[in-house]
>>> print(open('work.tsv').read())   # TSV, C-alpha atoms and all ligand atoms
chain	number	residue	atom	x	y	z
L	1	MET	CA	23.16	165.88	-139.83
L	2	LEU	CA	20.63	165.17	-137.06
L	3	ILE	CA	16.90	164.83	-137.69
L	4	LEU	CA	14.29	165.00	-134.94
L	5	GLY	CA	11.08	163.17	-135.91
L	6	ILE	CA	7.68	163.79	-134.30
L	7	GLU	CA	4.61	161.53	-134.64
L	8	SER	CA	1.22	162.51	-133.16
L	9	SER	CA	-1.37	161.43	-135.74
L	10	CYS	CA	-3.49	159.24	-133.46
L	11	ASP	CA	-2.98	157.74	-130.00
L	12	GLU	CA	0.79	157.45	-129.76
L	13	THR	CA	3.18	160.32	-129.12
L	14	GLY	CA	6.55	159.51	-130.65
L	15	VAL	CA	9.79	161.49	-130.78
L	16	ALA	CA	12.99	160.07	-132.29
L	17	ILE	CA	16.36	161.21	-133.56
L	18	VAL	CA	18.23	159.75	-136.55
L	19	ASP	CA	21.45	160.83	-138.23
L	20	GLY	CA	21.79	161.63	-141.94
L	21	LYS	CA	22.39	157.94	-142.69
L	22	GLY	CA	19.10	157.04	-141.04
L	23	ARG	CA	20.73	155.43	-137.99
L	24	LEU	CA	18.41	155.53	-135.00
L	25	LEU	CA	19.99	157.43	-132.10
L	26	ALA	CA	16.93	157.87	-129.88
L	27	ASP	CA	13.34	156.64	-129.86
L	28	ALA	CA	10.96	157.93	-127.17
L	29	LEU	CA	7.32	156.86	-127.17
L	30	HIS	CA	4.20	157.33	-125.08
L	31	SER	CA	1.15	155.20	-125.80
L	32	GLN	CA	-2.28	156.57	-124.84
L	33	VAL	CA	-3.82	153.09	-124.53
L	34	ASP	CA	-4.65	153.54	-120.83
L	35	LEU	CA	-6.18	156.95	-121.48
L	36	HIS	CA	-8.64	155.69	-124.11
L	37	ALA	CA	-9.31	152.20	-122.69
L	38	ALA	CA	-12.23	153.37	-120.54
L	39	TYR	CA	-14.00	154.65	-123.68
L	40	GLY	CA	-13.36	151.53	-125.82
L	41	GLY	CA	-11.66	153.57	-128.56
L	42	VAL	CA	-9.69	156.72	-129.32
L	43	VAL	CA	-11.35	159.96	-128.11
L	44	PRO	CA	-9.85	162.58	-130.46
L	45	GLU	CA	-10.03	165.53	-128.05
L	46	LEU	CA	-8.35	163.55	-125.25
L	47	ALA	CA	-5.69	162.40	-127.71
L	48	SER	CA	-4.82	166.00	-128.68
L	49	ARG	CA	-4.67	167.19	-125.06
L	50	ASP	CA	-2.41	164.32	-124.08
L	51	HIS	CA	-0.05	164.92	-127.04
L	52	VAL	CA	0.33	168.54	-125.89
L	53	GLU	CA	1.45	167.38	-122.45
L	54	ARG	CA	3.75	164.62	-123.68
L	55	LEU	CA	5.54	166.14	-126.65
L	56	LEU	CA	8.14	168.38	-125.01
L	57	PRO	CA	9.08	165.89	-122.24
L	58	LEU	CA	9.55	163.25	-124.98
L	59	VAL	CA	11.74	165.67	-126.99
L	60	ARG	CA	13.91	166.09	-123.85
L	61	LEU	CA	14.02	162.32	-123.34
L	62	ALA	CA	15.05	161.73	-126.96
L	63	LEU	CA	17.81	164.37	-126.71
L	64	ASP	CA	19.09	162.66	-123.53
L	65	GLN	CA	19.05	159.25	-125.23
L	66	ALA	CA	20.96	160.59	-128.24
L	67	LYS	CA	23.29	162.57	-125.94
L	68	CYS	CA	22.86	165.73	-127.96
L	69	ARG	CA	21.58	169.26	-127.46
L	70	ILE	CA	18.53	170.72	-129.16
L	71	ASP	CA	20.66	173.28	-131.03
L	72	GLN	CA	22.53	170.37	-132.69
L	73	ILE	CA	19.32	169.26	-134.46
L	74	ASP	CA	19.40	170.29	-138.14
L	75	VAL	CA	15.80	169.66	-139.15
L	76	ILE	CA	12.55	168.68	-137.46
L	77	ALA	CA	10.31	166.24	-139.36
L	78	TYR	CA	6.70	165.78	-138.29
L	79	THR	CA	3.67	163.77	-139.36
L	80	ALA	CA	1.43	166.18	-141.28
L	81	GLY	CA	-1.23	163.57	-142.17
L	82	PRO	CA	-3.25	161.51	-142.56
L	83	GLY	CA	-4.70	161.27	-139.05
L	84	LEU	CA	-6.84	163.09	-136.49
L	85	ALA	CA	-6.82	166.82	-137.24
L	86	GLY	CA	-6.34	167.99	-133.66
L	87	ALA	CA	-3.69	165.38	-132.91
L	88	LEU	CA	-1.77	166.26	-136.08
L	89	LEU	CA	-1.91	169.95	-135.17
L	90	THR	CA	-0.21	169.35	-131.81
L	91	GLY	CA	2.84	167.68	-133.38
L	92	ALA	CA	3.00	170.16	-136.24
L	93	SER	CA	2.79	173.16	-133.88
L	94	VAL	CA	5.51	171.84	-131.58
L	95	ALA	CA	7.73	170.98	-134.56
L	96	GLU	CA	7.28	174.36	-136.23
L	97	GLY	CA	7.52	176.28	-132.94
L	98	LEU	CA	10.76	174.54	-131.95
L	99	ALA	CA	12.18	174.97	-135.44
L	100	TYR	CA	11.32	178.68	-135.40
L	101	ALA	CA	13.05	179.15	-132.04
L	102	LEU	CA	16.12	177.28	-133.31
L	103	GLY	CA	16.24	178.99	-136.70
L	104	LYS	CA	16.01	175.55	-138.38
L	105	PRO	CA	13.52	174.15	-140.89
L	106	ALA	CA	10.61	171.85	-140.01
L	107	ARG	CA	9.33	169.48	-142.71
L	108	PRO	CA	6.02	167.57	-143.15
L	109	ILE	CA	6.17	163.79	-143.59
L	110	HIS	CA	3.39	161.46	-144.77
L	111	HIS	CA	2.42	159.01	-142.02
L	112	LEU	CA	2.01	156.11	-144.47
L	113	GLU	CA	5.41	156.79	-146.01
L	114	GLY	CA	6.81	156.40	-142.49
L	115	HIS	CA	5.09	153.01	-142.14
L	116	LEU	CA	6.06	151.87	-145.67
L	117	LEU	CA	9.75	152.56	-145.14
L	118	SER	CA	9.92	151.37	-141.50
L	119	PRO	CA	10.93	147.76	-142.39
L	120	MET	CA	14.17	149.32	-143.70
L	121	LEU	CA	15.01	150.06	-140.05
L	122	ALA	CA	15.38	146.30	-139.51
L	123	SER	CA	18.37	144.25	-140.51
L	124	PRO	CA	18.62	143.01	-143.21
L	125	ALA	CA	16.78	145.90	-144.84
L	126	PRO	CA	14.82	145.23	-148.04
L	127	LEU	CA	16.20	146.66	-151.28
L	128	PHE	CA	14.01	148.57	-153.75
L	129	PRO	CA	11.81	147.72	-155.57
L	130	PHE	CA	9.40	145.88	-153.30
L	131	LEU	CA	5.74	145.12	-152.83
L	132	ALA	CA	4.38	146.71	-149.65
L	133	LEU	CA	1.44	145.37	-147.67
L	134	LEU	CA	0.40	148.20	-145.38
L	135	VAL	CA	-1.99	147.01	-142.69
L	136	SER	CA	-2.94	149.47	-139.98
L	137	GLY	CA	-5.99	150.70	-138.11
L	138	GLY	CA	-6.94	153.10	-140.89
L	139	HIS	CA	-5.44	151.53	-144.03
L	140	THR	CA	-5.10	148.20	-145.81
L	141	LEU	CA	-3.35	148.44	-149.14
L	142	LEU	CA	-0.86	146.85	-151.49
L	143	ALA	CA	1.60	149.17	-153.23
L	144	ARG	CA	4.57	148.88	-155.52
L	145	VAL	CA	7.50	150.82	-154.01
L	146	ASP	CA	10.17	151.58	-156.61
L	147	GLU	CA	12.07	154.17	-154.58
L	148	VAL	CA	11.47	156.70	-151.80
L	149	GLY	CA	8.55	158.84	-153.03
L	150	LYS	CA	7.73	156.47	-155.93
L	151	TYR	CA	4.65	154.57	-154.89
L	152	VAL	CA	2.01	152.93	-157.07
L	153	LEU	CA	-1.24	151.81	-155.47
L	154	LEU	CA	-2.11	148.26	-156.58
L	155	GLY	CA	-4.93	147.37	-154.22
L	156	ASP	CA	-6.95	149.00	-151.45
L	157	THR	CA	-9.74	148.15	-149.06
L	158	LEU	CA	-13.24	148.86	-150.29
L	159	ASP	CA	-14.49	149.41	-146.73
L	160	ASP	CA	-12.89	148.58	-143.34
L	161	ALA	CA	-9.15	148.29	-142.80
L	162	ALA	CA	-7.67	145.04	-141.44
L	163	GLY	CA	-6.83	146.69	-138.10
L	164	GLU	CA	-10.37	148.07	-137.95
L	165	ALA	CA	-11.74	144.54	-138.54
L	166	PHE	CA	-9.60	143.29	-135.63
L	167	ASP	CA	-10.68	146.20	-133.41
L	168	LYS	CA	-14.41	146.07	-134.21
L	169	THR	CA	-14.78	142.29	-133.90
L	170	ALA	CA	-12.72	142.38	-130.68
L	171	LYS	CA	-15.16	144.93	-129.30
L	172	MET	CA	-18.08	142.64	-130.21
L	173	LEU	CA	-16.34	139.90	-128.21
L	174	GLY	CA	-16.13	142.27	-125.24
L	175	LEU	CA	-12.35	142.58	-125.44
L	176	PRO	CA	-10.60	145.76	-124.28
L	177	TYR	CA	-9.23	148.45	-126.60
L	178	PRO	CA	-6.97	148.18	-128.55
L	179	GLY	CA	-8.74	145.14	-129.94
L	180	GLY	CA	-6.07	143.79	-132.33
L	181	PRO	CA	-3.50	142.63	-129.77
L	182	ALA	CA	-6.27	141.50	-127.36
L	183	LEU	CA	-7.98	139.39	-130.04
L	184	ALA	CA	-4.63	137.93	-131.15
L	185	ALA	CA	-3.82	136.92	-127.55
L	186	LEU	CA	-7.21	135.22	-127.07
L	187	ALA	CA	-6.90	133.54	-130.49
L	188	GLU	CA	-3.82	131.65	-129.28
L	189	LYS	CA	-6.10	129.55	-127.05
L	190	GLY	CA	-8.68	128.84	-129.78
L	191	ASN	CA	-9.24	126.68	-132.84
L	192	PRO	CA	-9.02	128.73	-136.08
L	193	GLN	CA	-11.20	126.16	-137.90
L	194	ALA	CA	-14.02	126.22	-135.33
L	195	TYR	CA	-16.23	128.68	-137.20
L	196	SER	CA	-16.48	129.22	-140.92
L	197	LEU	CA	-16.30	132.95	-141.60
L	198	PRO	CA	-16.31	134.74	-144.97
L	199	ARG	CA	-13.07	135.57	-146.78
L	200	PRO	CA	-14.37	138.55	-148.80
L	201	LEU	CA	-13.13	139.00	-152.41
L	202	TRP	CA	-11.26	135.67	-152.11
L	203	ASN	CA	-11.73	134.79	-155.78
L	204	SER	CA	-11.93	138.30	-157.22
L	205	GLY	CA	-8.49	138.01	-158.84
L	206	THR	CA	-7.91	141.68	-157.89
L	207	PRO	CA	-5.59	142.93	-155.11
L	208	ASP	CA	-8.50	144.70	-153.34
L	209	PHE	CA	-9.79	143.91	-149.85
L	210	SER	CA	-13.13	144.10	-148.04
L	211	PHE	CA	-13.62	143.37	-144.34
L	212	SER	CA	-17.05	144.77	-143.45
L	213	GLY	CA	-18.80	141.48	-144.34
L	214	LEU	CA	-16.65	139.68	-141.79
L	215	LYS	CA	-17.84	142.09	-139.11
L	216	THR	CA	-21.50	141.41	-140.02
L	217	ALA	CA	-20.91	137.64	-140.05
L	218	VAL	CA	-19.36	137.80	-136.57
L	219	ALA	CA	-22.29	139.88	-135.25
L	220	THR	CA	-24.79	137.33	-136.65
L	221	LEU	CA	-22.83	134.38	-135.25
L	222	LEU	CA	-22.55	136.00	-131.83
L	223	ARG	CA	-26.33	136.40	-131.66
L	224	LYS	CA	-26.72	132.67	-132.39
L	225	LEU	CA	-24.12	131.62	-129.81
L	226	GLU	CA	-25.46	133.84	-127.02
L	227	PRO	CA	-24.51	133.30	-124.16
L	228	ILE	CA	-20.99	132.60	-125.41
L	229	SER	CA	-18.66	130.42	-123.31
L	230	LEU	CA	-14.97	131.22	-122.82
L	231	PRO	CA	-13.74	128.37	-125.08
L	232	GLN	CA	-16.22	129.47	-127.78
L	233	GLN	CA	-14.93	133.03	-127.45
L	234	ALA	CA	-11.34	131.85	-127.99
L	235	ASP	CA	-12.41	129.71	-130.98
L	236	LEU	CA	-14.22	132.67	-132.50
L	237	ALA	CA	-11.19	134.95	-131.95
L	238	ALA	CA	-8.96	132.37	-133.66
L	239	SER	CA	-11.43	131.98	-136.55
L	240	ILE	CA	-11.61	135.78	-137.05
L	241	GLU	CA	-7.82	136.10	-137.00
L	242	ALA	CA	-7.48	133.23	-139.49
L	243	ALA	CA	-10.03	134.82	-141.86
L	244	ILE	CA	-8.20	138.18	-141.86
L	245	VAL	CA	-4.72	136.63	-142.12
L	246	GLU	CA	-5.65	134.23	-144.93
L	247	VAL	CA	-7.05	137.06	-147.06
L	248	LEU	CA	-3.96	139.23	-146.47
L	249	VAL	CA	-1.64	136.34	-147.39
L	250	LYS	CA	-3.56	135.31	-150.51
L	251	LYS	CA	-3.80	138.87	-151.88
L	252	SER	CA	-0.13	139.61	-151.15
L	253	LEU	CA	1.09	136.50	-152.94
L	254	GLN	CA	-1.21	137.11	-155.85
L	255	ALA	CA	0.12	140.69	-156.15
L	256	MET	CA	3.71	139.39	-156.04
L	257	GLN	CA	2.99	136.97	-158.85
L	258	GLN	CA	1.13	139.57	-160.91
L	259	SER	CA	3.78	142.29	-160.42
L	260	GLY	CA	6.83	140.03	-160.62
L	261	LEU	CA	8.19	141.62	-157.44
L	262	THR	CA	10.16	139.17	-155.30
L	263	ARG	CA	10.35	141.17	-152.06
L	264	LEU	CA	7.31	141.66	-149.84
L	265	VAL	CA	7.49	144.29	-147.11
L	266	VAL	CA	4.79	144.32	-144.44
L	267	ALA	CA	4.18	147.40	-142.28
L	268	GLY	CA	1.61	149.09	-140.02
L	269	GLY	CA	0.18	148.01	-136.66
L	270	VAL	CA	-1.25	144.68	-137.89
L	271	SER	CA	2.26	143.62	-139.05
L	272	ALA	CA	2.92	142.95	-135.34
L	273	ASN	CA	0.48	140.01	-135.59
L	274	LEU	CA	2.42	136.78	-135.09
L	275	ARG	CA	0.01	134.60	-137.02
L	276	LEU	CA	0.26	136.94	-140.02
L	277	ARG	CA	4.07	136.92	-139.81
L	278	ALA	CA	4.23	133.11	-139.62
L	279	ALA	CA	1.69	132.61	-142.43
L	280	LEU	CA	3.48	135.04	-144.75
L	281	LYS	CA	6.88	133.46	-144.06
L	282	ALA	CA	5.46	130.00	-144.81
L	283	ALA	CA	3.69	131.16	-147.98
L	284	ILE	CA	6.75	133.03	-149.26
L	285	GLY	CA	8.86	129.92	-148.68
L	286	THR	CA	6.45	127.91	-150.81
L	287	LEU	CA	6.42	130.60	-153.50
L	288	SER	CA	10.23	130.51	-153.74
L	289	LYS	CA	10.14	126.76	-154.29
L	290	THR	CA	7.44	126.96	-156.95
L	291	ARG	CA	9.32	129.45	-159.12
L	292	PRO	CA	11.47	127.20	-161.24
L	293	GLY	CA	14.50	128.78	-162.82
L	294	LYS	CA	14.84	131.49	-160.16
L	295	SER	CA	18.23	131.67	-158.47
L	296	ILE	CA	18.59	131.95	-154.67
L	297	GLU	CA	19.23	135.69	-155.08
L	298	THR	CA	15.88	136.27	-156.70
L	299	ALA	CA	13.94	133.94	-154.44
L	300	ALA	CA	10.97	135.58	-152.74
L	301	GLU	CA	11.58	137.21	-149.37
L	302	VAL	CA	9.42	138.88	-146.74
L	303	PHE	CA	10.46	141.74	-144.43
L	304	PHE	CA	8.83	143.19	-141.31
L	305	PRO	CA	9.62	146.23	-139.17
L	306	PRO	CA	11.14	145.50	-135.75
L	307	PRO	CA	8.05	144.59	-133.61
L	308	ARG	CA	8.39	147.81	-131.55
L	309	LEU	CA	8.16	149.90	-134.74
L	310	CYS	CA	5.05	148.24	-136.24
L	311	THR	CA	2.62	150.60	-134.53
L	312	ASP	CA	2.96	154.40	-134.68
L	313	ASN	CA	6.30	155.85	-133.58
L	314	GLY	CA	8.60	158.82	-134.16
L	315	ALA	CA	11.45	156.68	-135.53
L	316	MET	CA	9.66	155.94	-138.80
L	317	ILE	CA	9.00	159.66	-139.35
L	318	ALA	CA	12.60	160.69	-138.66
L	319	PHE	CA	13.82	157.78	-140.81
L	320	ALA	CA	11.56	158.68	-143.78
L	321	ALA	CA	12.93	162.23	-143.54
L	322	ALA	CA	16.51	160.88	-143.58
L	323	LEU	CA	15.83	158.80	-146.70
L	324	ARG	CA	14.26	161.84	-148.39
L	325	PHE	CA	17.24	163.97	-147.36
L	326	GLN	CA	19.71	161.40	-148.81
L	327	ARG	CA	17.92	161.59	-152.16
L	328	GLY	CA	17.66	165.37	-152.29
L	329	LEU	CA	13.90	165.25	-151.69
L	330	LEU	CA	14.06	167.19	-148.41
L	331	GLU	CA	15.22	170.81	-148.30
L	332	VAL	CA	17.10	171.37	-145.04
L	333	ASN	CA	18.71	174.80	-145.46
L	334	ALA	CA	17.88	177.09	-142.56
L	335	SER	CA	17.21	179.81	-145.11
L	336	SER	CA	14.34	177.68	-146.42
L	337	ALA	CA	12.61	177.76	-143.02
L	338	GLU	CA	9.17	179.35	-143.27
L	339	HIS	CA	7.12	177.98	-140.40
L	340	SER	CA	3.66	178.45	-141.84
L	341	PHE	CA	2.09	175.00	-141.93
L	342	GLN	CA	-0.94	172.89	-142.73
L	343	VAL	CA	-1.96	169.43	-141.61
L	344	HIS	CA	-3.82	167.01	-143.89
L	345	PRO	CA	-6.21	164.67	-141.99
L	346	ARG	CA	-6.96	163.06	-145.37
L	347	TRP	CA	-3.91	162.84	-147.58
L	348	SER	CA	-3.25	160.33	-150.37
L	349	LEU	CA	0.28	158.98	-150.63
L	350	PHE	CA	-0.32	158.09	-154.26
L	351	THR	CA	-1.72	161.22	-155.85
L	352	ASP	CA	0.26	163.63	-153.66
L	353	PRO	CA	3.21	161.97	-151.90
L	354	GLY	CA	3.99	165.23	-150.09
L	355	ARG	CA	7.33	166.18	-151.56
L	356	SER	CA	8.82	168.73	-149.23
V	401	LIG	O1	-0.23	151.58	-137.48
V	401	LIG	P1	-1.06	151.74	-136.28
V	401	LIG	O2	-0.38	151.88	-134.93
V	401	LIG	O3	-2.02	152.96	-136.37
V	401	LIG	C1	-2.60	153.39	-137.56
V	401	LIG	O4	-1.90	154.12	-138.32
V	401	LIG	O5	-3.76	152.98	-137.79
V	401	LIG	O6	-2.04	150.45	-136.25
V	401	LIG	C2	-2.95	150.24	-135.22
V	401	LIG	C3	-3.76	148.99	-135.57
V	401	LIG	C4	-4.94	148.78	-134.62
V	401	LIG	O7	-6.08	148.46	-135.40
V	401	LIG	C5	-4.48	147.59	-133.78
V	401	LIG	O8	-5.55	146.83	-133.27
V	401	LIG	C6	-3.66	146.81	-134.78
V	401	LIG	O9	-2.94	147.82	-135.48
V	401	LIG	N1	-2.73	145.86	-134.15
V	401	LIG	C7	-2.84	144.53	-134.25
V	401	LIG	C8	-1.79	143.97	-133.47
V	401	LIG	N2	-1.07	145.01	-132.92
V	401	LIG	C9	-1.67	146.16	-133.35
V	401	LIG	N3	-3.72	143.76	-134.93
V	401	LIG	C10	-3.57	142.43	-134.85
V	401	LIG	N4	-2.60	141.82	-134.11
V	401	LIG	C11	-1.70	142.55	-133.41
V	401	LIG	N5	-0.75	141.92	-132.70
V	402	ZN	ZN	-0.02	154.34	-138.30
>>> encode(input="work.tsv", output="structure tokens")
Amino acid sequence: MLILGIESSCDETGVAIVDGKGRLLADALHSQVDLHAAYGGVVPELASRDHVERLLPLVRLALDQAKCRIDQIDVIAYTAGPGLAGALLTGASVAEGLAYALGKPARPIHHLEGHLLSPMLASPAPLFPFLALLVSGGHTLLARVDEVGKYVLLGDTLDDAAGEAFDKTAKMLGLPYPGGPALAALAEKGNPQAYSLPRPLWNSGTPDFSFSGLKTAVATLLRKLEPISLPQQADLAASIEAAIVEVLVKKSLQAMQQSGLTRLVVAGGVSANLRLRAALKAAIGTLSKTRPGKSIETAAEVFFPPPRLCTDNGAMIAFAAALRFQRGLLEVNASSAEHSFQVHPRWSLFTDPGRS
């Protein structure tokens, strides 16, 4: 069994191949960062046009890496949503077109399911059930994951996503797109205690998030500091990063305690953030010690995807398809191939997990 996975929901074109056990055989990726940098953010039309040009060469590259032929692929899995409509359509069309030519099925995969399960591509992989903190450019949520396809939403953002908070405040600081990694790099040179910024919903007792107030506070502070010096800029970057990270850590630990789940899995682009990784590891260590009576086996643990697979990629889509296939949730008979398709720019993982 060989699964080809295609990701094209935003500004990364990803094509990967996994076997039926979910082992990664090839992972080809093209990032559009340079394309969008001049505009300070993703330009949807440019993203779609670039995906069209990149997809087939990346399919060839992935086949070369896996040392297999296209006719050996059994099923093509593609991101059908959520994401940019035009960008999603490019991946879906290529997937369905290739599948039609090969007489094989193509299957839609939920982008967030790809992110949620991606930490299982690392070693050691987390066992079910786990608490997932999904932090990307478009989403910030906490979910209980009992099994593949069994997701319960525990907490969500009321406004901006964590990645969006990184990107928007980075833009205010004059940093290049994509703002998250740029702000994190500048933050390394600054003092995270330099400026006191809001930690929205800190004491709400709920697992929900809100980041738009942070953005407003940064805008107000920047007006006061004008003209801002380089050291002040680094201090502000560090203070912004600390505010976002501290909220994510507090809400994750609170949700672990409330749900009784001992494994925390972090995924999505912001899970690449080193300060977040270090803070969660430290907090989880403390949590393990403060749970008297718990054996080593049930001590709290935290898992991250391999750094390369935190942001969008084809591997997580192919891998999610493999896990669905293993559980009988993915129909792969050629006779079931239909090739009419829809993409879902807005698609909830919780009310409609996209069983295929
Ligand atoms: O998962 P992803 O590639 O795309 C979405 O599905 O949204 O996440 C992209 C987000 C962007 O907001 C980006 O700034 C953020 O992840 N990001 C980071 C880091 N690397 C990527 N944020 C903070 N620190 C990083 N190191
Ligand atoms: Zn994503």
>>> residues_around(input="work.tsv", residues="Ala283 in chain L", least_positions_apart="2", cutoff="12 Å", atoms="all atoms listed in the file", output="count of residues only")
26
>>> residues_near_ligand(input="work.tsv", ligand="ligand LIG 401 (chain V)", cutoff="7 Å", atoms="all atoms listed in the file", output="compact mmCIF listing (two decimals) with C-alpha atoms, in the coordinates of the input")
# COMPACT_ATOMS: atom_id res chain seq x y z
CA SER L 136 -2.94 149.47 -139.98
CA GLY L 137 -5.99 150.70 -138.11
CA GLY L 138 -6.94 153.10 -140.89
CA HIS L 139 -5.44 151.53 -144.03
CA GLY L 163 -6.83 146.69 -138.10
CA GLU L 164 -10.37 148.07 -137.95
CA PHE L 166 -9.60 143.29 -135.63
CA ASP L 167 -10.68 146.20 -133.41
CA PRO L 178 -6.97 148.18 -128.55
CA GLY L 179 -8.74 145.14 -129.94
CA GLY L 180 -6.07 143.79 -132.33
CA PRO L 181 -3.50 142.63 -129.77
CA ALA L 184 -4.63 137.93 -131.15
CA GLY L 268 1.61 149.09 -140.02
CA GLY L 269 0.18 148.01 -136.66
CA VAL L 270 -1.25 144.68 -137.89
CA SER L 271 2.26 143.62 -139.05
CA ALA L 272 2.92 142.95 -135.34
CA ASN L 273 0.48 140.01 -135.59
CA LEU L 274 2.42 136.78 -135.09
CA CYS L 310 5.05 148.24 -136.24
CA THR L 311 2.62 150.60 -134.53
CA ASP L 312 2.96 154.40 -134.68
>>> residues_near_ligand(input="work.tsv", ligand="ligand ZN 402 (chain V)", cutoff="12 Å", atoms="all atoms listed in the file", output="PDB file with C-alpha atoms, in the coordinates of the input")
ATOM      1  CA  GLU L   7       4.610 161.530-134.640  1.00  0.00           C
ATOM      2  CA  SER L   8       1.220 162.510-133.160  1.00  0.00           C
ATOM      3  CA  SER L   9      -1.370 161.430-135.740  1.00  0.00           C
ATOM      4  CA  CYS L  10      -3.490 159.240-133.460  1.00  0.00           C
ATOM      5  CA  ASP L  11      -2.980 157.740-130.000  1.00  0.00           C
ATOM      6  CA  GLU L  12       0.790 157.450-129.760  1.00  0.00           C
ATOM      7  CA  THR L  13       3.180 160.320-129.120  1.00  0.00           C
ATOM      8  CA  GLY L  14       6.550 159.510-130.650  1.00  0.00           C
ATOM      9  CA  THR L  79       3.670 163.770-139.360  1.00  0.00           C
ATOM     10  CA  GLY L  81      -1.230 163.570-142.170  1.00  0.00           C
ATOM     11  CA  PRO L  82      -3.250 161.510-142.560  1.00  0.00           C
ATOM     12  CA  GLY L  83      -4.700 161.270-139.050  1.00  0.00           C
ATOM     13  CA  LEU L  84      -6.840 163.090-136.490  1.00  0.00           C
ATOM     14  CA  HIS L 110       3.390 161.460-144.770  1.00  0.00           C
ATOM     15  CA  HIS L 111       2.420 159.010-142.020  1.00  0.00           C
ATOM     16  CA  LEU L 112       2.010 156.110-144.470  1.00  0.00           C
ATOM     17  CA  GLU L 113       5.410 156.790-146.010  1.00  0.00           C
ATOM     18  CA  GLY L 114       6.810 156.400-142.490  1.00  0.00           C
ATOM     19  CA  HIS L 115       5.090 153.010-142.140  1.00  0.00           C
ATOM     20  CA  LEU L 116       6.060 151.870-145.670  1.00  0.00           C
ATOM     21  CA  SER L 118       9.920 151.370-141.500  1.00  0.00           C
ATOM     22  CA  LEU L 134       0.400 148.200-145.380  1.00  0.00           C
ATOM     23  CA  VAL L 135      -1.990 147.010-142.690  1.00  0.00           C
ATOM     24  CA  SER L 136      -2.940 149.470-139.980  1.00  0.00           C
ATOM     25  CA  GLY L 137      -5.990 150.700-138.110  1.00  0.00           C
ATOM     26  CA  GLY L 138      -6.940 153.100-140.890  1.00  0.00           C
ATOM     27  CA  HIS L 139      -5.440 151.530-144.030  1.00  0.00           C
ATOM     28  CA  THR L 140      -5.100 148.200-145.810  1.00  0.00           C
ATOM     29  CA  ALA L 161      -9.150 148.290-142.800  1.00  0.00           C
ATOM     30  CA  GLY L 163      -6.830 146.690-138.100  1.00  0.00           C
ATOM     31  CA  ALA L 267       4.180 147.400-142.280  1.00  0.00           C
ATOM     32  CA  GLY L 268       1.610 149.090-140.020  1.00  0.00           C
ATOM     33  CA  GLY L 269       0.180 148.010-136.660  1.00  0.00           C
ATOM     34  CA  VAL L 270      -1.250 144.680-137.890  1.00  0.00           C
ATOM     35  CA  SER L 271       2.260 143.620-139.050  1.00  0.00           C
ATOM     36  CA  LEU L 309       8.160 149.900-134.740  1.00  0.00           C
ATOM     37  CA  CYS L 310       5.050 148.240-136.240  1.00  0.00           C
ATOM     38  CA  THR L 311       2.620 150.600-134.530  1.00  0.00           C
ATOM     39  CA  ASP L 312       2.960 154.400-134.680  1.00  0.00           C
ATOM     40  CA  ASN L 313       6.300 155.850-133.580  1.00  0.00           C
ATOM     41  CA  GLY L 314       8.600 158.820-134.160  1.00  0.00           C
ATOM     42  CA  MET L 316       9.660 155.940-138.800  1.00  0.00           C
ATOM     43  CA  ILE L 317       9.000 159.660-139.350  1.00  0.00           C
TER      44      ILE L 317
END
>>> closest_residue(input="work.tsv", among="L:Ala122, L:Ile228, L:Val148, L:Ala318", to="Pro306 in chain L", atoms="all atoms listed in the file")
L:Ala122
>>> residues_near_point(input="work.tsv", point="(12.8, 162.2, -122.4)", cutoff="12 Å", atoms="all atoms listed in the file", output="MDAnalysis selection string")
chainID L and resid 13:17 26:30 54:67
>>> atom_distance(input="work.tsv", atom1="CA of Ile3 in chain L", atom2="CA of Ala315 in chain L")
10.0 Å
>>> atom_distance(input="work.tsv", atom1="CA of Ala321 in chain L", atom2="CA of Ser259 in chain L")
27.7 Å
>>> closest_residue(input="work.tsv", among="L:Pro200, L:Gly205, L:Pro345, L:Gly190", to="Ala238 in chain L", atoms="all atoms listed in the file")
L:Gly190
>>> atom_distance(input="work.tsv", atom1="CA of Glu45 in chain L", atom2="CA of Lys215 in chain L")
27.1 Å
>>> closest_residue(input="work.tsv", among="L:Leu201, L:Ala185, L:Cys68, L:Ala132", to="Arg275 in chain L", atoms="all atoms listed in the file")
L:Ala185
>>> residues_near_point(input="work.tsv", point="(3.7, 166.6, -138.8)", cutoff="10 Å", atoms="all atoms listed in the file", output="PyMOL selection string")
chain L and resi 5-9+76-83+87-96+106-111+317+341-344
>>> residues_around(input="work.tsv", residues="range 172-176 of chain L", least_positions_apart="3", cutoff="8 Å", atoms="only C-alpha atoms", output="mmCIF file with C-alpha atoms, in the coordinates of the input")
data_model
loop_
_atom_site.group_PDB
_atom_site.id
_atom_site.type_symbol
_atom_site.label_atom_id
_atom_site.label_comp_id
_atom_site.auth_asym_id
_atom_site.auth_seq_id
_atom_site.Cartn_x
_atom_site.Cartn_y
_atom_site.Cartn_z
ATOM 1 C CA ALA L 37 -9.310 152.200 -122.690
ATOM 2 C CA GLY L 40 -13.360 151.530 -125.820
ATOM 3 C CA LYS L 168 -14.410 146.070 -134.210
ATOM 4 C CA THR L 169 -14.780 142.290 -133.900
ATOM 5 C CA GLY L 179 -8.740 145.140 -129.940
ATOM 6 C CA ALA L 182 -6.270 141.500 -127.360
ATOM 7 C CA LEU L 183 -7.980 139.390 -130.040
ATOM 8 C CA ALA L 219 -22.290 139.880 -135.250
ATOM 9 C CA GLN L 233 -14.930 133.030 -127.450
#
>>> closest_residue(input="work.tsv", among="L:Leu186, L:Ala255, L:Ala282, L:Phe304", to="Leu230 in chain L", atoms="all atoms listed in the file")
L:Leu186
